[in-house]
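my_file25.cif (mmCIF, C-alpha atoms) appears below.
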data_data
loop_
_atom_site.label_atom_id
_atom_site.label_comp_id
_atom_site.auth_asym_id
_atom_site.auth_seq_id
_atom_site.Cartn_x
_atom_site.Cartn_y
_atom_site.Cartn_z
CA MET I 15 108.21 104.27 134.82
CA SER I 16 104.67 103.28 135.77
CA ARG I 17 103.32 106.76 134.96
CA LEU I 18 104.27 108.98 132.03
CA GLY I 19 104.31 112.03 134.28
CA ALA I 20 106.99 110.42 136.43
CA LEU I 21 109.40 110.14 133.51
CA GLY I 22 112.34 112.47 133.34
CA ARG I 23 112.96 114.87 130.49
CA GLY I 24 115.51 112.54 128.91
CA ASP I 25 113.05 109.65 128.98
CA ARG I 26 110.27 111.67 127.39
CA LEU I 27 112.60 112.91 124.66
CA ALA I 28 113.95 109.41 123.95
CA ILE I 29 110.46 107.89 123.76
CA ALA I 30 109.26 110.71 121.50
CA VAL I 31 112.14 110.06 119.09
CA LEU I 32 111.74 106.27 119.17
CA VAL I 33 108.03 106.64 118.38
CA GLY I 34 108.25 109.61 116.03
CA VAL I 35 110.94 108.25 113.69
CA PRO I 36 109.08 105.10 112.57
CA LEU I 37 105.78 106.98 112.42
CA ALA I 38 107.26 109.59 110.07
CA PHE I 39 109.16 106.94 108.10
CA PHE I 40 105.98 105.05 107.21
CA ALA I 41 103.39 107.84 107.21
CA VAL I 42 105.14 110.40 104.98
CA PRO I 43 105.60 108.07 101.94
CA ALA I 44 102.03 106.81 102.37
CA LEU I 45 100.66 110.36 102.39
CA ALA I 46 102.68 111.03 99.23
CA GLY I 47 101.05 108.04 97.53
CA TYR I 48 103.98 105.63 97.86
CA PRO I 49 103.33 103.37 100.87
CA LEU I 50 106.20 101.08 101.79
CA LEU I 51 104.59 97.87 100.55
CA THR I 52 106.71 95.36 98.66
CA GLY I 53 107.21 91.64 98.24
CA ASP I 54 105.44 89.42 100.76
CA GLY I 55 103.86 92.49 102.31
CA VAL I 56 101.82 93.07 99.13
CA ILE I 57 100.95 89.49 98.25
CA GLN I 58 100.44 88.08 101.74
CA ASP I 59 100.60 90.21 104.89
CA PHE I 60 98.52 93.20 103.77
CA PRO I 61 95.62 91.37 102.07
CA LEU I 62 95.34 88.74 104.81
CA ARG I 63 95.17 91.39 107.52
CA VAL I 64 92.63 93.41 105.57
CA LEU I 65 90.51 90.26 105.23
CA ALA I 66 90.80 89.43 108.94
CA GLY I 67 89.85 93.01 109.86
CA GLU I 68 86.82 92.93 107.56
CA VAL I 69 85.63 89.66 109.08
CA LEU I 70 85.96 91.17 112.56
CA ARG I 71 84.14 94.31 111.48
CA HIS I 72 81.16 92.17 110.44
CA GLY I 73 81.03 90.57 113.87
CA HIS I 74 82.66 87.22 113.10
CA LEU I 75 85.88 85.56 114.21
CA PRO I 76 88.61 85.50 111.52
CA VAL I 77 88.92 81.73 111.28
CA TYR I 78 88.34 81.02 107.57
CA ASP I 79 89.51 82.41 104.23
CA PRO I 80 86.94 81.60 101.52
CA TYR I 81 88.98 83.27 98.76
CA ASP I 82 92.01 80.96 98.79
CA TRP I 83 91.23 78.19 96.28
CA SER I 84 88.27 76.26 97.74
CA GLY I 85 88.84 77.86 101.11
CA SER I 86 91.62 77.61 103.69
CA PRO I 87 92.22 78.38 107.38
CA LEU I 88 92.76 82.05 108.17
CA LEU I 89 93.39 81.87 111.91
CA GLY I 90 94.99 78.42 111.69
CA GLY I 91 96.92 79.47 108.59
CA ILE I 92 99.10 81.52 111.00
CA ASP I 93 100.43 83.93 108.33
CA ALA I 94 97.60 86.44 108.85
CA GLY I 95 98.44 86.91 112.52
CA ALA I 96 94.68 87.01 113.04
CA ALA I 97 95.00 86.61 116.83
CA PHE I 98 97.60 89.39 117.22
CA PRO I 99 96.10 92.45 118.99
CA GLY I 100 97.13 94.80 116.17
CA ILE I 101 94.58 93.16 113.86
CA VAL I 102 91.93 95.32 115.56
CA LEU I 103 93.31 98.33 113.63
CA PHE I 104 92.12 96.75 110.37
CA ALA I 105 88.64 96.37 111.84
CA LEU I 106 88.45 100.02 112.90
CA LEU I 107 90.34 101.90 110.17
CA PRO I 108 90.62 101.89 106.38
CA PRO I 109 93.25 99.42 105.13
CA LEU I 110 96.12 101.79 104.33
CA PRO I 111 96.06 103.85 107.58
CA ALA I 112 95.76 100.59 109.51
CA TRP I 113 98.82 99.20 107.72
CA VAL I 114 100.87 102.35 108.35
CA LEU I 115 100.00 102.32 112.05
CA THR I 116 100.74 98.58 112.23
CA ASP I 117 104.19 99.09 110.71
CA ALA I 118 105.01 102.16 112.79
CA GLY I 119 103.59 100.57 115.94
CA ALA I 120 105.65 97.42 115.52
CA TYR I 121 108.94 99.30 115.15
CA ALA I 122 108.11 101.83 117.85
CA GLY I 123 106.99 99.00 120.14
CA ALA I 124 110.29 97.19 119.64
CA ALA I 125 112.35 100.33 120.29
CA VAL I 126 110.36 101.61 123.27
CA GLY I 127 110.13 98.13 124.78
CA LEU I 128 113.88 97.63 124.72
CA TYR I 129 114.37 101.20 125.96
CA GLY I 130 112.22 100.39 128.99
CA PHE I 131 114.17 97.19 129.58
CA LEU I 132 117.51 99.00 129.42
CA ARG I 133 116.33 101.80 131.72
CA LEU I 134 115.06 99.24 134.20
CA SER I 135 118.53 97.69 133.96
CA ARG I 136 119.84 100.95 135.50
CA LEU I 137 121.25 102.50 132.33
CA ARG I 138 120.99 106.24 131.65
CA PRO I 139 118.57 107.60 129.01
CA LEU I 140 121.06 108.29 126.20
CA PRO I 141 122.82 104.89 126.26
CA ALA I 142 119.43 103.17 126.59
CA ALA I 143 118.12 105.15 123.61
CA LEU I 144 121.15 104.18 121.51
CA GLY I 145 120.63 100.49 122.24
CA ALA I 146 116.88 100.75 121.65
CA ALA I 147 117.36 102.52 118.32
CA SER I 148 119.91 99.93 117.22
CA TYR I 149 117.40 97.16 117.92
CA GLY I 150 114.06 98.67 116.99
CA LEU I 151 115.04 101.00 114.14
CA GLY I 152 118.05 99.22 112.65
CA GLY I 153 119.82 95.90 112.46
CA PHE I 154 117.86 92.78 111.65
CA LEU I 155 114.39 94.26 112.19
CA SER I 156 114.99 97.08 109.69
CA SER I 157 115.58 94.49 106.97
CA GLN I 158 112.34 92.70 107.82
CA ALA I 159 109.92 95.52 107.00
CA VAL I 160 108.53 93.25 104.29
CA HIS I 161 107.63 90.71 107.00
CA ILE I 162 105.63 92.62 109.60
CA GLU I 163 105.03 89.45 111.60
CA VAL I 164 108.77 89.16 112.31
CA VAL I 165 108.91 92.74 113.56
CA GLU I 166 105.85 92.23 115.75
CA ALA I 167 107.44 89.14 117.30
CA GLY I 168 110.62 91.13 117.99
CA ALA I 169 108.61 93.94 119.58
CA SER I 170 106.73 91.50 121.80
CA LEU I 171 110.04 89.96 122.88
CA ALA I 172 111.25 93.37 124.10
CA TRP I 173 108.21 93.72 126.39
CA LEU I 174 108.60 90.15 127.57
CA LEU I 175 112.12 91.06 128.71
CA VAL I 176 110.69 94.06 130.59
CA ALA I 177 108.27 91.78 132.44
CA LEU I 178 110.95 89.21 133.28
CA GLU I 179 113.27 91.93 134.57
CA ARG I 180 110.55 93.32 136.85
CA LEU I 181 109.56 89.88 138.08
CA ALA I 182 113.13 89.37 139.25
CA HIS I 183 113.92 92.83 140.61
CA GLY I 184 110.59 94.58 141.16
CA THR I 185 108.53 94.84 144.33
CA ARG I 186 106.63 91.77 145.49
CA HIS I 187 103.15 93.31 145.46
CA ARG I 188 103.47 94.12 141.74
CA ARG I 189 104.44 90.61 140.68
CA PRO I 190 100.89 89.67 139.60
CA ALA I 191 100.85 92.65 137.20
CA TRP I 192 104.27 91.77 135.77
CA THR I 193 103.19 88.14 135.42
CA ALA I 194 100.19 89.29 133.41
CA LEU I 195 102.46 91.40 131.19
CA ALA I 196 104.86 88.48 130.70
CA ALA I 197 101.98 86.18 129.74
CA ALA I 198 100.50 88.72 127.32
CA ALA I 199 103.87 89.49 125.71
CA ALA I 200 104.79 85.82 125.35
CA ALA I 201 101.38 85.10 123.82
CA CYS I 202 101.90 87.96 121.35
CA VAL I 203 105.26 86.45 120.41
CA ALA I 204 103.54 83.13 119.70
CA VAL I 205 100.65 84.52 117.60
CA ALA I 206 102.61 87.13 115.62
CA GLY I 207 102.43 84.93 112.51
CA SER I 208 106.01 83.71 112.08
CA PRO I 209 106.46 80.35 113.84
CA GLU I 210 110.24 80.13 113.42
CA THR I 211 110.77 83.71 114.65
CA SER I 212 108.43 83.10 117.58
CA PHE I 213 110.43 80.02 118.57
CA TYR I 214 113.73 81.93 118.48
CA CYS I 215 112.22 84.78 120.54
CA ILE I 216 110.97 82.35 123.19
CA LEU I 217 114.44 80.76 123.18
CA ALA I 218 116.04 84.15 123.91
CA ALA I 219 113.54 84.85 126.68
CA ALA I 220 114.21 81.41 128.20
CA ILE I 221 117.96 82.07 128.27
CA TYR I 222 117.45 85.42 129.99
CA ALA I 223 114.96 83.89 132.43
CA GLY I 224 117.55 81.24 133.30
CA HIS I 225 120.10 83.99 133.90
CA LEU I 226 117.70 85.77 136.28
CA LEU I 227 117.00 82.56 138.17
CA LEU I 228 120.69 81.78 138.47
CA HIS I 229 121.35 85.11 140.19
CA SER I 230 118.14 85.33 142.20
CA GLY I 231 118.02 85.04 145.97
CA SER I 232 114.51 83.53 145.87
CA ARG I 233 114.68 81.13 142.95
CA ARG I 234 111.68 79.02 143.86
CA ILE I 235 109.33 81.98 144.14
CA LEU I 236 110.63 83.56 140.93
CA ALA I 237 110.44 80.24 139.08
CA GLY I 238 106.84 79.84 140.25
CA TRP I 239 105.81 83.24 138.87
CA MET I 240 107.61 82.53 135.60
CA ALA I 241 105.93 79.14 135.29
CA LEU I 242 102.54 80.76 135.90
CA ALA I 243 103.29 83.33 133.18
CA GLY I 244 104.24 80.53 130.80
CA MET I 245 101.02 78.60 131.42
CA LEU I 246 98.89 81.72 130.97
CA ALA I 247 100.76 82.57 127.76
CA PHE I 248 100.08 79.12 126.33
CA ALA I 249 96.41 79.39 127.25
CA LEU I 250 96.19 82.73 125.43
CA ALA I 251 98.17 81.65 122.38
CA ALA I 252 96.43 78.28 122.04
CA VAL I 253 93.60 79.92 120.07
CA GLU I 254 96.02 80.21 117.12
CA VAL I 255 98.76 77.71 117.93
CA LEU I 256 96.54 74.61 118.20
CA PRO I 257 94.52 75.11 114.99
CA GLY I 258 97.74 76.24 113.32
CA THR I 259 99.41 72.96 114.25
CA ASP I 260 96.51 71.03 112.74
CA ALA I 261 96.53 73.17 109.60
CA VAL I 262 100.25 72.68 109.03
CA ALA I 263 99.94 68.93 109.61
CA ALA I 264 97.27 68.75 106.87
CA SER I 265 99.17 70.95 104.40
CA GLN I 266 101.93 70.25 101.89
CA ARG I 267 104.43 71.25 104.59
CA ALA I 268 103.73 67.92 106.27
CA GLN I 269 105.39 66.16 103.31
CA VAL I 270 108.71 68.07 103.36
CA THR I 271 111.97 66.34 104.21
CA PRO I 272 113.86 67.12 107.42
CA GLY I 273 116.37 69.06 105.34
CA PHE I 274 113.70 71.66 104.56
CA ILE I 275 114.29 73.38 107.89
CA GLY I 276 117.83 74.23 106.80
CA ALA I 277 116.64 76.25 103.79
CA GLY I 278 117.81 79.79 104.33
CA SER I 279 120.85 78.93 106.45
CA LEU I 280 123.85 81.23 106.27
CA ASP I 281 127.15 79.88 105.07
CA TRP I 282 130.42 80.96 106.66
CA GLY I 283 131.13 83.52 103.96
CA GLU I 284 127.78 85.23 104.46
CA LEU I 285 128.60 85.82 108.12
CA THR I 286 130.98 88.55 106.94
CA THR I 287 127.91 90.68 106.14
CA LEU I 288 127.55 91.10 109.90
CA LEU I 289 130.77 93.14 109.75
CA ALA I 290 130.18 94.92 106.44
CA PRO I 291 126.55 94.72 105.27
CA HIS I 292 127.25 95.22 101.54
CA LEU I 293 130.40 93.17 101.27
CA LEU I 294 128.56 90.85 98.86
CA GLY I 295 126.95 93.73 96.97
CA GLY I 296 123.43 95.05 97.03
CA GLY I 297 122.17 98.04 98.94
CA PRO I 298 122.45 101.71 97.93
CA ILE I 299 122.78 102.94 94.35
CA GLY I 300 126.25 102.47 92.90
CA LEU I 301 127.17 99.19 94.56
CA ARG I 302 127.64 95.95 92.69
CA PRO I 303 124.68 93.54 92.41
CA TYR I 304 124.21 91.16 95.31
CA VAL I 305 126.05 87.86 94.74
CA GLY I 306 125.12 85.88 97.87
CA SER I 307 123.36 82.53 97.79
CA TYR I 308 120.23 83.63 99.66
CA ASN I 309 117.92 86.65 99.90
CA LEU I 310 119.92 89.60 101.25
CA ALA I 311 117.02 90.86 103.40
CA GLU I 312 116.94 87.53 105.24
CA ILE I 313 120.62 87.52 106.17
CA ASP I 314 121.17 91.24 106.79
CA ALA I 315 121.61 91.73 110.54
CA TYR I 316 124.31 94.42 110.53
CA ALA I 317 123.98 96.16 113.90
CA GLY I 318 126.22 99.15 113.16
CA ILE I 319 129.88 99.93 113.71
CA LEU I 320 129.27 101.16 117.28
CA ALA I 321 127.58 97.89 118.21
CA LEU I 322 130.50 95.92 116.75
CA VAL I 323 133.00 97.99 118.72
CA ALA I 324 130.90 97.65 121.88
CA THR I 325 130.62 93.87 121.51
CA ALA I 326 134.37 93.54 121.05
CA ALA I 327 135.33 96.05 123.76
CA LEU I 328 133.10 94.59 126.48
CA ALA I 329 134.62 91.17 125.83
CA THR I 330 137.87 92.53 127.30
CA ARG I 331 136.03 93.42 130.55
CA TRP I 332 134.59 89.97 131.12
CA ARG I 333 135.58 89.85 134.80
CA ASP I 334 134.52 93.39 135.75
CA PRO I 335 132.27 93.57 138.85
CA GLY I 336 129.26 94.71 136.83
CA ALA I 337 129.80 92.28 133.97
CA VAL I 338 127.20 89.88 135.35
CA ARG I 339 124.54 92.26 133.99
CA TRP I 340 125.57 91.88 130.34
CA ARG I 341 127.56 88.64 129.99
CA VAL I 342 124.40 86.63 129.29
CA TRP I 343 123.87 88.57 126.05
CA TYR I 344 126.99 87.04 124.54
CA LEU I 345 125.29 83.67 125.04
CA VAL I 346 122.05 84.93 123.44
CA GLY I 347 123.96 86.29 120.43
CA ALA I 348 126.06 83.14 120.08
CA VAL I 349 122.94 80.94 120.11
CA GLY I 350 121.41 83.15 117.41
CA LEU I 351 124.48 82.80 115.20
CA LEU I 352 124.70 79.06 115.80
CA VAL I 353 121.08 78.53 114.76
CA ALA I 354 121.44 80.90 111.78
CA ILE I 355 124.19 78.84 110.16
CA GLY I 356 121.74 75.94 110.42
CA SER I 357 122.74 73.32 107.89
CA ALA I 358 126.41 73.65 108.85
CA THR I 359 125.54 72.26 112.30
CA PRO I 360 123.45 69.33 113.63
CA LEU I 361 120.80 71.75 114.94
CA PRO I 362 118.34 71.41 112.01
CA ASP I 363 118.14 67.66 112.64
CA LEU I 364 117.12 68.37 116.23
CA LEU I 365 114.68 71.18 115.41
CA ALA I 366 113.03 69.03 112.73
CA HIS I 367 111.33 67.01 115.49
CA LEU I 368 109.48 70.05 116.88
CA PRO I 369 105.84 70.65 115.83
CA VAL I 370 105.31 73.48 113.30
CA VAL I 371 108.87 74.78 113.77
CA GLY I 372 110.23 71.52 112.36
CA LEU I 373 108.20 72.09 109.19
CA SER I 374 109.41 75.68 108.81
CA ARG I 375 112.56 77.06 107.23
CA LEU I 376 114.70 80.20 107.47
CA PRO I 377 116.98 79.56 110.45
CA SER I 378 118.54 82.87 109.39
CA ARG I 379 115.75 84.58 111.35
CA ALA I 380 117.56 83.56 114.52
CA LEU I 381 119.78 86.55 113.66
CA LEU I 382 117.15 88.49 115.59
CA LEU I 383 118.88 87.17 118.72
CA TYR I 384 122.24 88.38 117.45
CA GLY I 385 120.84 91.83 116.74
CA LEU I 386 119.18 92.00 120.16
CA ALA I 387 122.40 90.98 121.91
CA CYS I 388 124.49 93.55 120.03
CA SER I 389 121.99 96.30 120.86
CA VAL I 390 121.97 95.51 124.58
CA LEU I 391 125.77 95.32 124.65
CA LEU I 392 125.95 98.66 122.83
CA ALA I 393 123.81 100.27 125.53
CA HIS I 394 125.95 98.88 128.36
CA TRP I 395 129.17 99.92 126.63
CA ALA I 396 127.84 103.41 125.89
CA ASP I 397 126.72 103.80 129.50
CA GLY I 398 130.34 103.45 130.58
CA ALA I 399 131.81 105.41 127.68
CA LEU I 400 129.41 108.35 128.16
CA ALA I 401 129.67 108.42 131.95
CA PRO I 402 130.10 112.00 133.25
CA PRO I 403 133.64 112.83 134.36
CA ALA I 404 134.44 112.73 138.06
CA ARG I 405 134.12 116.00 139.95
CA PRO I 406 137.35 117.95 140.58
CA LEU I 407 138.96 117.15 143.90
CA GLY I 408 138.85 119.76 146.61
CA ARG I 409 141.99 121.10 148.27
CA GLY I 410 141.73 118.66 151.12
CA ALA I 411 141.43 115.71 148.81
CA ARG I 412 144.23 116.72 146.44
CA GLY I 413 146.94 115.81 148.93
CA LEU I 414 145.38 112.40 149.46
CA ALA I 415 145.13 111.89 145.71
CA LEU I 416 148.78 112.84 145.21
CA SER I 417 149.79 110.31 147.85
CA ILE I 418 148.16 107.47 145.87
CA PRO I 419 150.70 105.97 143.45
CA LEU I 420 149.78 106.08 139.77
CA THR I 421 149.22 102.68 138.16
CA LEU I 422 149.81 101.64 134.60
CA PRO I 423 146.82 100.54 132.49
CA SER I 424 145.99 96.87 132.84
CA ALA I 425 146.25 94.45 129.97
CA GLY I 426 142.46 94.40 129.72
CA GLU I 427 142.29 98.19 129.46
CA LEU I 428 144.92 98.21 126.74
CA ALA I 429 143.09 95.45 124.91
CA GLY I 430 139.97 97.64 124.85
CA ALA I 431 141.63 99.76 122.17
CA LEU I 432 142.37 96.78 119.94
CA PRO I 433 138.90 95.55 118.81
CA PRO I 434 138.27 98.44 116.35
CA LEU I 435 141.66 97.80 114.77
CA ALA I 436 140.96 94.06 114.70
CA VAL I 437 137.63 94.61 112.90
CA LEU I 438 139.35 96.88 110.38
CA ALA I 439 142.13 94.34 109.79
CA LEU I 440 139.58 91.55 109.30
CA LEU I 441 137.67 93.60 106.72
CA VAL I 442 140.88 94.34 104.84
CA ALA I 443 141.86 90.66 104.91
CA VAL I 444 138.44 89.56 103.61
CA ALA I 445 138.51 92.17 100.86
#
Could the structure of this file be written out as structure tokens, please?
Amino acid sequence: MSRLGALGRGDRLAIAVLVGVPLAFFAVPALAGYPLLTGDGVIQDFPLRVLAGEVLRHGHLPVYDPYDWSGSPLLGGIDAGAAFPGIVLFALLPPLPAWVLTDAGAYAGAAVGLYGFLRLSRLRPLPAALGAASYGLGGFLSSQAVHIEVVEAGASLAWLLVALERLAHGTRHRRPAWTALAAAAAACVAVAGSPETSFYCILAAAIYAGHLLLHSGSRRILAGWMALAGMLAFALAAVEVLPGTDAVAASQRAQVTPGFIGAGSLDWGELTTLLAPHLLGGGPIGLRPYVGSYNLAEIDAYAGILALVATAALATRWRDPGAVRWRVWYLVGAVGLLVAIGSATPLPDLLAHLPVVGLSRLPSRALLLYGLACSVLLAHWADGALAPPARPLGRGARGLALSIPLTLPSAGELAGALPPLAVLALLVAVA
């Protein structure tokens, strides 16, 4: 996949769809005079990025915001994402086209990045495209359009996974290039502008890196390249992380109680929205008003019915020979759910001791890990479900086939048909 011309027809079609859908989704309303700008996007993300782009256009570094009260940090304020590469668009283009391309680029980057990761994991184009669309165009990220920094962190995570995968399974002479990509992607995760989301993304990457090391034949060499990537990433991200740490320490956030980090935790009842996204109301016209205890957009991580079926069905094939490729994603998803329920566990008390992250809130954004895990599991499940049928046996082979005794389905194979019914029964019971 190093050259576009080397891609197959299925790859080119998948990438065109994964790029074209978000581009049309954001560009068409903007051309009609109704750009998709609401909530925090209007009052925070858009104006801060326009300001940072204007400062860059005048030949200065975007380090200071003179318009916020008596002045405040712009780079160290973190929210502007002033060190994220996409900020260059606001220096080169008018504000609205730059915003549309930033939105479309973030979603397309997330989808294409995960598509590349899944293809490099030896999945066929269609299953990889399904998993990539579930992650980049749906699930948790689709609910975070109002927080572009969260989407950009999720997109950077996808490319970080690509780099880690290649470091473990690519050729030796390309490891410096993949190390550079890993460092750049990890730095982009850190400077996206959402400290809590960045922390959860790095946590997911660390789990997957540990999985690769556990199954690597040259652990020391691989660990050395990963450590080098981590040090380079910190050096790149330090331009925003270090002043950001100082800015947070001097702000009103420094006076919050340790319980502040649990604000935005999911309760056990809200976890049912992962099975039925509008069980508590909200959503399309005609449904009852939302009755949950926290903002619906922050807890909506519904990955789709296919992803739910895939997650349940693969659990019955835990000991299959190829299961080592996808078992780790159950751990990633479980960690995301555990962090998301926050105040119901001791985790907030532990996270409260971390710099910046300990003064943040919204553990619900760890649902990004759940959405990522469901999308990867969907791709692996679809790769088996959509496998082409075996070729018909020739005459010589038919006799041999007839001599092989037929076997009854195993308990695991029979159990594969139960998860959809179990999900349906659970929904009925909750209702």
Show me the residues around (122.5, 76.1, 107.7) - criterion: an atom at most 9 Å away, only C-alpha atoms counted - as a short mmCIF file (atom, residue, chain, number, x, y, z; two decimals) with C-alpha atoms, in the coordinates of the input.
data_model
loop_
_atom_site.label_atom_id
_atom_site.label_comp_id
_atom_site.auth_asym_id
_atom_site.auth_seq_id
_atom_site.Cartn_x
_atom_site.Cartn_y
_atom_site.Cartn_z
CA ILE I 275 114.29 73.38 107.89
CA GLY I 276 117.83 74.23 106.80
CA ALA I 277 116.64 76.25 103.79
CA GLY I 278 117.81 79.79 104.33
CA SER I 279 120.85 78.93 106.45
CA LEU I 280 123.85 81.23 106.27
CA ASP I 281 127.15 79.88 105.07
CA LEU I 352 124.70 79.06 115.80
CA VAL I 353 121.08 78.53 114.76
CA ALA I 354 121.44 80.90 111.78
CA ILE I 355 124.19 78.84 110.16
CA GLY I 356 121.74 75.94 110.42
CA SER I 357 122.74 73.32 107.89
CA ALA I 358 126.41 73.65 108.85
CA THR I 359 125.54 72.26 112.30
CA LEU I 361 120.80 71.75 114.94
CA PRO I 362 118.34 71.41 112.01
CA LEU I 376 114.70 80.20 107.47
CA PRO I 377 116.98 79.56 110.45
CA SER I 378 118.54 82.87 109.39
#
What residues come out when you apply the PyMOL selection byres ((chain I and resi 294-301) around 12) to this file, written as a count of residues only?
-> 26
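Residues lying within 12 Å of I:Arg339, counting only C-alpha atoms and ignoring same-chain neighbours fewer than 6 positions away, are Leu132, Leu134, Ser135, Arg136, Leu137, Glu179, Tyr222, His225, Leu226, His229, Leu328, Trp332, Arg333, Val390, Leu391, Ala393, His394 and Trp395 of chain I.
Taking atom CA of I:Pro335 and atom CA of I:Ala387 as the two end points, the separation is 19.8 Å.
You will find atom CA of I:Gly55 at 13.5 Å from atom CA of I:Ala112.
Of the residues under consideration (I:Pro49, I:Leu228, I:Phe104, I:Gly91), I:Phe104 shows the shortest atom-to-atom contact distance to I:Leu70 when counting all atoms listed in the file.
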Within 12 Å of (115.7, 115.4, 122.6), in the coordinates the file gives, what residues turn up when you count only C-alpha atoms, written out as an MDAnalysis selection string?
-> chainID I and resid 22:32 34 139:140 143
Expanded to explicit residues, what is the PyMOL selection byres ((chain I and resi 207-210) around 10) for this file, as JSON, numbers by chain?
-> {"I": [59, 89, 90, 91, 92, 93, 94, 95, 96, 97, 98, 161, 162, 163, 164, 165, 166, 167, 202, 203, 204, 205, 206, 211, 212, 213, 214, 215, 254, 255, 258, 275, 369, 370, 371, 372, 373, 374, 375, 376, 377, 378, 379, 380]}
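Distances here use all atoms listed in the file; by that measure, the residue among I:Ala399, I:Val102, I:Cys388, I:Ala366 closest to I:Arg341 is I:Cys388.
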Computed interatomic separation between atom CA of I:Ala249 and atom CA of I:Ala197 (Å) | 9.1 Å
The PyMOL selection byres ((chain I and resi 241) around 12) applied to the shown file, residues as an MDAnalysis selection string = chainID I and resid 178 181 193:194 196:197 220 223:224 227 233:240 242:248
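Each of I:Leu37, I:Val56, I:Pro99, I:Gly123 was compared to I:Pro111 using all atoms listed in the file, and I:Leu37 turns out to be the nearest.
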Counting all atoms listed in the file, which of I:Thr259, I:Pro109, I:Leu175, I:Thr185 gets nearest to I:Leu368?
-> I:Thr259
